Amino acid sequence: MPFAVFCRFCGKQFKTGVSLRKHYELKHHEDRLFETTNIFVDEFGNRCDEPKATALGNNAELQEYLKWLSALVERINMSLVPDHPGKWCHIDCFQVPERYFRHILHRLESPRLDSVRDVSHRRQPIFKRTARRLSYKIFEEQTFKRILEEQDSLLFKSHALFSNQDEVPDISNMEAEEALEFAKARAKKPVPRPTSRSSMEISTGEGRSTREVELIWWPSLYSRSLYGKLTLRFYVKKTSI
């Protein structure tokens, strides 16, 4: 079943919020969306039900969520290792409690829904002929950090330097005093020279080359539980030095 969002001025329909935003900018000369949310409707005019942004209710739930989040941060950080070429990365999280995803939306301050599709799901953890796919897109690194830095067990890394397979300190990430101390220590004991840099690119991109972080939520994969599947999609650039 196709879903679309409509321009409030001319009534033209679009499949994604990004397309609607570009339409506003190019056709109506507006640099911002007027709607606080993108309202998607199906071919019969029925509005898509989307999860509401809601903070976790008690401390016990929050602590369990933060443990889950620290594991997710570790998986994201490991996408920087130089073993594989730069590419779009996908991290799948199976059986995610719906309340966790609602909390993520709360941390993102109720982001706009970018697209809605009913599609087949032909891979693990479950095979389904039709399942709903909700997409949210993030174009700023600080916004993405707002989710990941709620936990303090692991530091989220958007970029890193490597000497062959080993990570080496990046002086550009250090405070002035820390960088000075590192330079003094390096003068006494040489540090391996970096051979490559890995960086997560988060921006609006240029032209058709997008560089967003996409959160893909599958709310209806499991029919008898309040769980869903969450996929993070982002681009990692890797360059030799």
# chains A, B, ... in the order shown; residues from 1 in each chain; ligands from 1
$ select_by_dssp --residues "segment 13-232 of chain A" --states "strand (DSSP E)" --output "PyMOL selection string"
chain A and resi 13-14+41-42+87-97+113-123+126-138+159-163+166-168+196-201+203-206+209-211+213-218+227-232
$ select_by_dssp --residues "segment 37-169 of chain A" --states "alpha helix (DSSP H)" --output "ChimeraX atom specification"
/A:59-78,98-107,141-148
$ residues_around --residues "Lys87 of chain A" --least-positions-apart "6" --cutoff "10 Å" --atoms "only C-alpha atoms" --output "PyMOL selection string"
chain A and resi 79+200+234-238
$ closest_atom_pairs --of "segment 162-240 of chain A" --to "segment 40-55 of chain A" --cutoff "12 Å" --atoms "only C-alpha atoms" --output "Markdown table"
| residue | atom | partner | partner_atom | distance |
| --- | --- | --- | --- | --- |
| A:Trp217 | CA | A:Pro51 | CA | 9.7 |
| A:Trp218 | CA | A:Glu50 | CA | 10.8 |
| A:Pro219 | CA | A:Pro51 | CA | 8.6 |
| A:Ser220 | CA | A:Glu50 | CA | 11.4 |
| A:Leu226 | CA | A:Pro51 | CA | 11.8 |
| A:Gly228 | CA | A:Pro51 | CA | 11.3 |
$ write_last_selection --atoms "all heavy atoms" --output "mmCIF file, in the first residue's frame"
data_model
loop_
_atom_site.group_PDB
_atom_site.id
_atom_site.type_symbol
_atom_site.label_atom_id
_atom_site.label_comp_id
_atom_site.auth_asym_id
_atom_site.auth_seq_id
_atom_site.Cartn_x
_atom_site.Cartn_y
_atom_site.Cartn_z
ATOM 1 N N TRP A 217 12.641 1.620 11.170
ATOM 2 C CA TRP A 217 11.908 0.896 12.204
ATOM 3 C C TRP A 217 10.849 0.015 11.558
ATOM 4 O O TRP A 217 10.050 0.470 10.747
ATOM 5 C CB TRP A 217 11.270 1.891 13.160
ATOM 6 C CG TRP A 217 10.423 1.302 14.255
ATOM 7 C CD1 TRP A 217 9.089 1.498 14.463
ATOM 8 C CD2 TRP A 217 10.861 0.438 15.314
ATOM 9 N NE1 TRP A 217 8.666 0.817 15.557
ATOM 10 C CE2 TRP A 217 9.733 0.149 16.109
ATOM 11 C CE3 TRP A 217 12.085 -0.140 15.649
ATOM 12 C CZ2 TRP A 217 9.802 -0.670 17.229
ATOM 13 C CZ3 TRP A 217 12.160 -0.957 16.759
ATOM 14 C CH2 TRP A 217 11.037 -1.220 17.541
ATOM 15 N N TRP A 218 10.884 -1.266 11.912
ATOM 16 C CA TRP A 218 9.906 -2.243 11.430
ATOM 17 C C TRP A 218 9.002 -2.596 12.610
ATOM 18 O O TRP A 218 9.325 -3.488 13.404
ATOM 19 C CB TRP A 218 10.605 -3.489 10.920
ATOM 20 C CG TRP A 218 11.581 -3.282 9.802
ATOM 21 C CD1 TRP A 218 12.867 -2.823 9.899
ATOM 22 C CD2 TRP A 218 11.348 -3.533 8.410
ATOM 23 N NE1 TRP A 218 13.450 -2.776 8.662
ATOM 24 C CE2 TRP A 218 12.545 -3.208 7.724
ATOM 25 C CE3 TRP A 218 10.268 -4.017 7.680
ATOM 26 C CZ2 TRP A 218 12.683 -3.348 6.353
ATOM 27 C CZ3 TRP A 218 10.386 -4.152 6.309
ATOM 28 C CH2 TRP A 218 11.580 -3.817 5.656
ATOM 29 N N PRO A 219 7.853 -1.944 12.750
ATOM 30 C CA PRO A 219 7.029 -2.153 13.947
ATOM 31 C C PRO A 219 6.146 -3.391 13.912
ATOM 32 O O PRO A 219 5.660 -3.834 14.961
ATOM 33 C CB PRO A 219 6.160 -0.892 13.983
ATOM 34 C CG PRO A 219 6.011 -0.498 12.552
ATOM 35 C CD PRO A 219 7.308 -0.878 11.889
ATOM 36 N N SER A 220 5.924 -3.969 12.732
ATOM 37 C CA SER A 220 4.918 -5.027 12.616
ATOM 38 C C SER A 220 5.498 -6.388 12.246
ATOM 39 O O SER A 220 4.762 -7.275 11.810
ATOM 40 C CB SER A 220 3.865 -4.623 11.574
ATOM 41 O OG SER A 220 4.469 -4.412 10.305
ATOM 42 N N LEU A 226 5.458 -6.752 21.710
ATOM 43 C CA LEU A 226 5.753 -5.329 21.525
ATOM 44 C C LEU A 226 7.233 -5.141 21.210
ATOM 45 O O LEU A 226 7.952 -4.406 21.899
ATOM 46 C CB LEU A 226 5.345 -4.529 22.765
ATOM 47 C CG LEU A 226 3.849 -4.507 23.069
ATOM 48 C CD1 LEU A 226 3.573 -3.745 24.362
ATOM 49 C CD2 LEU A 226 3.067 -3.889 21.916
ATOM 50 N N GLY A 228 10.156 -4.771 17.781
ATOM 51 C CA GLY A 228 10.328 -4.438 16.378
ATOM 52 C C GLY A 228 11.780 -4.629 15.991
ATOM 53 O O GLY A 228 12.625 -4.999 16.822
#
$ residues_around --residues "Ser120 of chain A" --least-positions-apart "6" --cutoff "9 Å" --atoms "only C-alpha atoms" --output "PDB file with N, CA, C and O atoms, in the first residue's frame"
ATOM      1  N   PHE A 127      10.523 -13.918   8.287  1.00  0.00           N
ATOM      2  CA  PHE A 127      10.118 -13.731   6.894  1.00  0.00           C
ATOM      3  C   PHE A 127       8.638 -13.350   6.864  1.00  0.00           C
ATOM      4  O   PHE A 127       7.795 -14.058   7.423  1.00  0.00           O
ATOM      5  N   LYS A 128       8.346 -12.226   6.202  1.00  0.00           N
ATOM      6  CA  LYS A 128       6.968 -11.757   6.152  1.00  0.00           C
ATOM      7  C   LYS A 128       6.665 -11.194   4.779  1.00  0.00           C
ATOM      8  O   LYS A 128       7.483 -10.467   4.203  1.00  0.00           O
ATOM      9  N   ARG A 129       5.498 -11.542   4.276  1.00  0.00           N
ATOM     10  CA  ARG A 129       5.139 -11.089   2.934  1.00  0.00           C
ATOM     11  C   ARG A 129       4.952  -9.572   2.903  1.00  0.00           C
ATOM     12  O   ARG A 129       5.353  -8.912   1.943  1.00  0.00           O
ATOM     13  N   THR A 130       4.351  -9.005   3.940  1.00  0.00           N
ATOM     14  CA  THR A 130       4.136  -7.559   4.009  1.00  0.00           C
ATOM     15  C   THR A 130       4.420  -7.067   5.424  1.00  0.00           C
ATOM     16  O   THR A 130       3.883  -7.613   6.394  1.00  0.00           O
ATOM     17  N   ALA A 131       5.271  -6.071   5.531  1.00  0.00           N
ATOM     18  CA  ALA A 131       5.586  -5.461   6.822  1.00  0.00           C
ATOM     19  C   ALA A 131       5.788  -3.964   6.619  1.00  0.00           C
ATOM     20  O   ALA A 131       6.248  -3.524   5.566  1.00  0.00           O
ATOM     21  N   ARG A 132       5.450  -3.198   7.634  1.00  0.00           N
ATOM     22  CA  ARG A 132       5.577  -1.748   7.525  1.00  0.00           C
ATOM     23  C   ARG A 132       7.016  -1.321   7.841  1.00  0.00           C
ATOM     24  O   ARG A 132       7.623  -1.782   8.796  1.00  0.00           O
TER      25      ARG A 132
END
$ residues_around --residues "Cys7 of chain A" --least-positions-apart "2" --cutoff "10 Å" --atoms "only C-alpha atoms" --output "PDB file with all heavy atoms, in the first residue's frame"
ATOM      1  N   VAL A   5       3.036  12.010   1.231  1.00  0.00           N
ATOM      2  CA  VAL A   5       2.875  13.250   1.986  1.00  0.00           C
ATOM      3  C   VAL A   5       2.633  14.353   0.971  1.00  0.00           C
ATOM      4  O   VAL A   5       3.171  14.319  -0.142  1.00  0.00           O
ATOM      5  CB  VAL A   5       4.125  13.528   2.855  1.00  0.00           C
ATOM      6  CG1 VAL A   5       5.367  13.713   2.012  1.00  0.00           C
ATOM      7  CG2 VAL A   5       3.909  14.717   3.774  1.00  0.00           C
ATOM      8  N   PHE A   9       0.766  23.779  -0.148  1.00  0.00           N
ATOM      9  CA  PHE A   9       0.453  24.882  -1.051  1.00  0.00           C
ATOM     10  C   PHE A   9      -0.226  24.409  -2.336  1.00  0.00           C
ATOM     11  O   PHE A   9      -1.287  24.886  -2.711  1.00  0.00           O
ATOM     12  CB  PHE A   9       1.724  25.649  -1.402  1.00  0.00           C
ATOM     13  CG  PHE A   9       2.345  26.348  -0.222  1.00  0.00           C
ATOM     14  CD1 PHE A   9       3.624  26.027   0.200  1.00  0.00           C
ATOM     15  CD2 PHE A   9       1.654  27.327   0.459  1.00  0.00           C
ATOM     16  CE1 PHE A   9       4.194  26.654   1.277  1.00  0.00           C
ATOM     17  CE2 PHE A   9       2.217  27.972   1.547  1.00  0.00           C
ATOM     18  CZ  PHE A   9       3.492  27.636   1.966  1.00  0.00           C
ATOM     19  N   CYS A  10       0.419  23.453  -3.034  1.00  0.00           N
ATOM     20  CA  CYS A  10      -0.087  23.050  -4.348  1.00  0.00           C
ATOM     21  C   CYS A  10      -0.714  21.664  -4.361  1.00  0.00           C
ATOM     22  O   CYS A  10      -1.287  21.245  -5.365  1.00  0.00           O
ATOM     23  CB  CYS A  10       1.028  23.122  -5.396  1.00  0.00           C
ATOM     24  SG  CYS A  10       2.412  21.985  -5.080  1.00  0.00           S
ATOM     25  N   GLY A  11      -0.604  20.923  -3.260  1.00  0.00           N
ATOM     26  CA  GLY A  11      -1.236  19.624  -3.169  1.00  0.00           C
ATOM     27  C   GLY A  11      -0.490  18.489  -3.830  1.00  0.00           C
ATOM     28  O   GLY A  11      -0.973  17.356  -3.863  1.00  0.00           O
ATOM     29  N   LYS A  12       0.700  18.751  -4.375  1.00  0.00           N
ATOM     30  CA  LYS A  12       1.477  17.700  -5.021  1.00  0.00           C
ATOM     31  C   LYS A  12       1.915  16.681  -3.985  1.00  0.00           C
ATOM     32  O   LYS A  12       2.247  17.025  -2.853  1.00  0.00           O
ATOM     33  CB  LYS A  12       2.694  18.303  -5.717  1.00  0.00           C
ATOM     34  CG  LYS A  12       3.488  17.304  -6.556  1.00  0.00           C
ATOM     35  CD  LYS A  12       4.613  17.985  -7.337  1.00  0.00           C
ATOM     36  CE  LYS A  12       5.374  16.985  -8.184  1.00  0.00           C
ATOM     37  NZ  LYS A  12       6.456  17.626  -8.968  1.00  0.00           N
ATOM     38  N   GLN A  13       1.925  15.410  -4.371  1.00  0.00           N
ATOM     39  CA  GLN A  13       2.274  14.367  -3.419  1.00  0.00           C
ATOM     40  C   GLN A  13       3.696  13.874  -3.623  1.00  0.00           C
ATOM     41  O   GLN A  13       4.219  13.889  -4.741  1.00  0.00           O
ATOM     42  CB  GLN A  13       1.302  13.199  -3.506  1.00  0.00           C
ATOM     43  CG  GLN A  13       1.398  12.371  -4.771  1.00  0.00           C
ATOM     44  CD  GLN A  13       0.454  11.186  -4.746  1.00  0.00           C
ATOM     45  OE1 GLN A  13      -0.630  11.251  -4.192  1.00  0.00           O
ATOM     46  NE2 GLN A  13       0.882  10.082  -5.348  1.00  0.00           N
ATOM     47  N   PHE A  14       4.308  13.434  -2.526  1.00  0.00           N
ATOM     48  CA  PHE A  14       5.686  12.963  -2.527  1.00  0.00           C
ATOM     49  C   PHE A  14       5.791  11.710  -1.672  1.00  0.00           C
ATOM     50  O   PHE A  14       5.049  11.526  -0.708  1.00  0.00           O
ATOM     51  CB  PHE A  14       6.626  14.048  -1.981  1.00  0.00           C
ATOM     52  CG  PHE A  14       6.638  15.304  -2.799  1.00  0.00           C
ATOM     53  CD1 PHE A  14       5.736  16.323  -2.529  1.00  0.00           C
ATOM     54  CD2 PHE A  14       7.524  15.465  -3.852  1.00  0.00           C
ATOM     55  CE1 PHE A  14       5.724  17.474  -3.294  1.00  0.00           C
ATOM     56  CE2 PHE A  14       7.525  16.617  -4.619  1.00  0.00           C
ATOM     57  CZ  PHE A  14       6.615  17.623  -4.337  1.00  0.00           C
ATOM     58  N   LEU A  20       9.817  16.379  -0.349  1.00  0.00           N
ATOM     59  CA  LEU A  20       8.909  17.485  -0.034  1.00  0.00           C
ATOM     60  C   LEU A  20       9.696  18.733   0.346  1.00  0.00           C
ATOM     61  O   LEU A  20       9.363  19.848  -0.082  1.00  0.00           O
ATOM     62  CB  LEU A  20       7.969  17.081   1.096  1.00  0.00           C
ATOM     63  CG  LEU A  20       7.027  18.175   1.617  1.00  0.00           C
ATOM     64  CD1 LEU A  20       6.100  18.662   0.510  1.00  0.00           C
ATOM     65  CD2 LEU A  20       6.229  17.653   2.811  1.00  0.00           C
ATOM     66  N   ARG A  21      10.747  18.542   1.136  1.00  0.00           N
ATOM     67  CA  ARG A  21      11.562  19.692   1.540  1.00  0.00           C
ATOM     68  C   ARG A  21      12.201  20.366   0.330  1.00  0.00           C
ATOM     69  O   ARG A  21      12.191  21.602   0.209  1.00  0.00           O
ATOM     70  CB  ARG A  21      12.659  19.243   2.512  1.00  0.00           C
ATOM     71  CG  ARG A  21      13.518  20.395   3.054  1.00  0.00           C
ATOM     72  CD  ARG A  21      14.685  19.864   3.856  1.00  0.00           C
ATOM     73  NE  ARG A  21      15.586  19.087   3.033  1.00  0.00           N
ATOM     74  CZ  ARG A  21      16.554  18.331   3.529  1.00  0.00           C
ATOM     75  NH1 ARG A  21      16.717  18.225   4.832  1.00  0.00           N
ATOM     76  NH2 ARG A  21      17.356  17.668   2.720  1.00  0.00           N
ATOM     77  N   HIS A  23      11.084  20.316  -2.677  1.00  0.00           N
ATOM     78  CA  HIS A  23       9.993  20.953  -3.416  1.00  0.00           C
ATOM     79  C   HIS A  23       9.683  22.325  -2.824  1.00  0.00           C
ATOM     80  O   HIS A  23       9.503  23.304  -3.561  1.00  0.00           O
ATOM     81  CB  HIS A  23       8.757  20.053  -3.364  1.00  0.00           C
ATOM     82  CG  HIS A  23       7.510  20.683  -3.902  1.00  0.00           C
ATOM     83  ND1 HIS A  23       7.276  20.848  -5.253  1.00  0.00           N
ATOM     84  CD2 HIS A  23       6.423  21.206  -3.266  1.00  0.00           C
ATOM     85  CE1 HIS A  23       6.102  21.423  -5.430  1.00  0.00           C
ATOM     86  NE2 HIS A  23       5.565  21.645  -4.236  1.00  0.00           N
ATOM     87  N   TYR A  24       9.615  22.409  -1.502  1.00  0.00           N
ATOM     88  CA  TYR A  24       9.362  23.702  -0.853  1.00  0.00           C
ATOM     89  C   TYR A  24      10.448  24.717  -1.215  1.00  0.00           C
ATOM     90  O   TYR A  24      10.170  25.879  -1.494  1.00  0.00           O
ATOM     91  CB  TYR A  24       9.321  23.542   0.666  1.00  0.00           C
ATOM     92  CG  TYR A  24       7.986  23.104   1.222  1.00  0.00           C
ATOM     93  CD1 TYR A  24       7.916  22.117   2.192  1.00  0.00           C
ATOM     94  CD2 TYR A  24       6.799  23.678   0.778  1.00  0.00           C
ATOM     95  CE1 TYR A  24       6.701  21.699   2.714  1.00  0.00           C
ATOM     96  CE2 TYR A  24       5.578  23.275   1.296  1.00  0.00           C
ATOM     97  CZ  TYR A  24       5.533  22.288   2.259  1.00  0.00           C
ATOM     98  OH  TYR A  24       4.333  21.891   2.769  1.00  0.00           O
ATOM     99  N   HIS A  28       8.558  26.783  -4.015  1.00  0.00           N
ATOM    100  CA  HIS A  28       7.879  27.792  -3.200  1.00  0.00           C
ATOM    101  C   HIS A  28       8.857  28.719  -2.481  1.00  0.00           C
ATOM    102  O   HIS A  28       8.441  29.572  -1.705  1.00  0.00           O
ATOM    103  CB  HIS A  28       6.950  27.109  -2.185  1.00  0.00           C
ATOM    104  CG  HIS A  28       5.910  26.242  -2.825  1.00  0.00           C
ATOM    105  ND1 HIS A  28       4.911  26.743  -3.637  1.00  0.00           N
ATOM    106  CD2 HIS A  28       5.716  24.893  -2.789  1.00  0.00           C
ATOM    107  CE1 HIS A  28       4.142  25.750  -4.057  1.00  0.00           C
ATOM    108  NE2 HIS A  28       4.619  24.613  -3.570  1.00  0.00           N
ATOM    109  N   LEU A  33      10.539  23.518   6.305  1.00  0.00           N
ATOM    110  CA  LEU A  33       9.222  22.894   6.221  1.00  0.00           C
ATOM    111  C   LEU A  33       8.282  23.608   7.172  1.00  0.00           C
ATOM    112  O   LEU A  33       8.662  23.965   8.288  1.00  0.00           O
ATOM    113  CB  LEU A  33       9.315  21.412   6.613  1.00  0.00           C
ATOM    114  CG  LEU A  33       9.974  20.476   5.592  1.00  0.00           C
ATOM    115  CD1 LEU A  33      10.115  19.095   6.216  1.00  0.00           C
ATOM    116  CD2 LEU A  33       9.179  20.394   4.324  1.00  0.00           C
ATOM    117  N   PHE A  34       7.065  23.801   6.760  1.00  0.00           N
ATOM    118  CA  PHE A  34       6.098  24.451   7.627  1.00  0.00           C
ATOM    119  C   PHE A  34       5.504  23.479   8.633  1.00  0.00           C
ATOM    120  O   PHE A  34       5.171  23.862   9.748  1.00  0.00           O
ATOM    121  CB  PHE A  34       4.973  25.085   6.787  1.00  0.00           C
ATOM    122  CG  PHE A  34       5.387  26.341   6.088  1.00  0.00           C
ATOM    123  CD1 PHE A  34       5.986  26.284   4.837  1.00  0.00           C
ATOM    124  CD2 PHE A  34       5.199  27.570   6.671  1.00  0.00           C
ATOM    125  CE1 PHE A  34       6.376  27.433   4.185  1.00  0.00           C
ATOM    126  CE2 PHE A  34       5.583  28.729   6.020  1.00  0.00           C
ATOM    127  CZ  PHE A  34       6.169  28.665   4.773  1.00  0.00           C
ATOM    128  N   GLU A  35       5.337  22.221   8.234  1.00  0.00           N
ATOM    129  CA  GLU A  35       4.735  21.245   9.131  1.00  0.00           C
ATOM    130  C   GLU A  35       5.700  20.867  10.252  1.00  0.00           C
ATOM    131  O   GLU A  35       6.907  20.755  10.039  1.00  0.00           O
ATOM    132  CB  GLU A  35       4.360  19.979   8.354  1.00  0.00           C
ATOM    133  CG  GLU A  35       3.178  20.137   7.423  1.00  0.00           C
ATOM    134  CD  GLU A  35       3.582  20.767   6.100  1.00  0.00           C
ATOM    135  OE1 GLU A  35       4.766  21.061   5.916  1.00  0.00           O
ATOM    136  OE2 GLU A  35       2.707  20.960   5.270  1.00  0.00           O
ATOM    137  N   ASN A  38       5.585  15.332   9.240  1.00  0.00           N
ATOM    138  CA  ASN A  38       5.151  14.927   7.907  1.00  0.00           C
ATOM    139  C   ASN A  38       4.010  13.934   8.070  1.00  0.00           C
ATOM    140  O   ASN A  38       4.197  12.861   8.645  1.00  0.00           O
ATOM    141  CB  ASN A  38       6.298  14.292   7.134  1.00  0.00           C
ATOM    142  CG  ASN A  38       7.367  15.303   6.771  1.00  0.00           C
ATOM    143  OD1 ASN A  38       7.072  16.483   6.602  1.00  0.00           O
ATOM    144  ND2 ASN A  38       8.601  14.846   6.633  1.00  0.00           N
TER     145      ASN A  38
END
$ atom_distance --atom1 "atom CA of Arg102 of chain A" --atom2 "atom CA of Leu80 of chain A"
27.6 Å
$ residues_around --residues "Phe139 of chain A" --least-positions-apart "6" --cutoff "10 Å" --atoms "only C-alpha atoms" --output "JSON, numbers by chain"
{"A": [201, 202, 203, 204, 205, 210, 211, 212, 213, 214]}
$ write_last_selection --atoms "N, CA and C atoms" --output "short mmCIF file (atom, residue, chain, number, x, y, z; two decimals), in the first residue's frame"
data_model
loop_
_atom_site.label_atom_id
_atom_site.label_comp_id
_atom_site.auth_asym_id
_atom_site.auth_seq_id
_atom_site.Cartn_x
_atom_site.Cartn_y
_atom_site.Cartn_z
N GLU A 201 30.34 10.03 7.67
CA GLU A 201 29.88 11.27 7.05
C GLU A 201 28.39 11.46 7.32
N ILE A 202 28.06 12.56 7.99
CA ILE A 202 26.67 12.87 8.31
C ILE A 202 26.38 14.29 7.85
N SER A 203 25.63 14.42 6.78
CA SER A 203 25.31 15.74 6.24
C SER A 203 24.19 15.57 5.22
N THR A 204 23.76 16.68 4.63
CA THR A 204 22.75 16.61 3.58
C THR A 204 23.35 16.12 2.27
N GLY A 205 24.69 16.09 2.16
CA GLY A 205 25.34 15.62 0.95
C GLY A 205 25.26 16.64 -0.17
N THR A 210 23.64 11.44 -1.00
CA THR A 210 23.19 11.76 0.35
C THR A 210 24.13 11.14 1.38
N ARG A 211 24.19 11.76 2.54
CA ARG A 211 25.08 11.28 3.60
C ARG A 211 24.38 11.37 4.95
N GLU A 212 23.18 10.84 5.02
CA GLU A 212 22.41 10.90 6.24
C GLU A 212 22.63 9.66 7.10
N VAL A 213 22.21 9.74 8.35
CA VAL A 213 22.01 8.54 9.16
C VAL A 213 20.53 8.22 9.09
N GLU A 214 20.21 7.01 8.70
CA GLU A 214 18.80 6.61 8.57
C GLU A 214 18.46 5.61 9.67
#
$ residues_around --residues "segment 66-77 of chain A" --least-positions-apart "2" --cutoff "12 Å" --atoms "only C-alpha atoms" --output "PyMOL selection string"
chain A and resi 56+59-64+79-82+89-97+100-101+103-104+144-145+147-160+167+198-200+213+230-236
$ decode --residues "segment 147-169 of chain A" --atoms "C-alpha atoms" --output "PDB file, in the first residue's frame"
ATOM      1  CA  ILE A 147      21.064   9.468  21.136  1.00  0.00           C
ATOM      2  CA  LEU A 148      24.383   7.676  21.621  1.00  0.00           C
ATOM      3  CA  GLU A 149      25.929   9.818  24.352  1.00  0.00           C
ATOM      4  CA  GLU A 150      23.086   9.230  26.785  1.00  0.00           C
ATOM      5  CA  GLN A 151      25.138   6.249  27.929  1.00  0.00           C
ATOM      6  CA  ASP A 152      28.661   6.841  29.271  1.00  0.00           C
ATOM      7  CA  SER A 153      30.131   3.323  29.117  1.00  0.00           C
ATOM      8  CA  LEU A 154      31.656   3.877  25.670  1.00  0.00           C
ATOM      9  CA  LEU A 155      32.677   6.989  23.750  1.00  0.00           C
ATOM     10  CA  PHE A 156      31.012   7.291  20.362  1.00  0.00           C
ATOM     11  CA  LYS A 157      33.593   7.818  17.599  1.00  0.00           C
ATOM     12  CA  SER A 158      32.621   9.447  14.327  1.00  0.00           C
ATOM     13  CA  HIS A 159      36.189   9.194  12.998  1.00  0.00           C
ATOM     14  CA  ALA A 160      39.502   7.535  13.831  1.00  0.00           C
ATOM     15  CA  LEU A 161      43.112   7.183  12.642  1.00  0.00           C
ATOM     16  CA  PHE A 162      44.790   3.820  12.082  1.00  0.00           C
ATOM     17  CA  SER A 163      48.333   2.612  11.575  1.00  0.00           C
ATOM     18  CA  ASN A 164      47.725  -0.478   9.486  1.00  0.00           C
ATOM     19  CA  GLN A 165      45.170  -2.340  11.664  1.00  0.00           C
ATOM     20  CA  ASP A 166      45.847  -0.534  14.960  1.00  0.00           C
ATOM     21  CA  GLU A 167      44.095   2.647  16.038  1.00  0.00           C
ATOM     22  CA  VAL A 168      46.428   5.537  16.903  1.00  0.00           C
ATOM     23  CA  PRO A 169      45.680   8.797  18.751  1.00  0.00           C
TER      24      PRO A 169
END
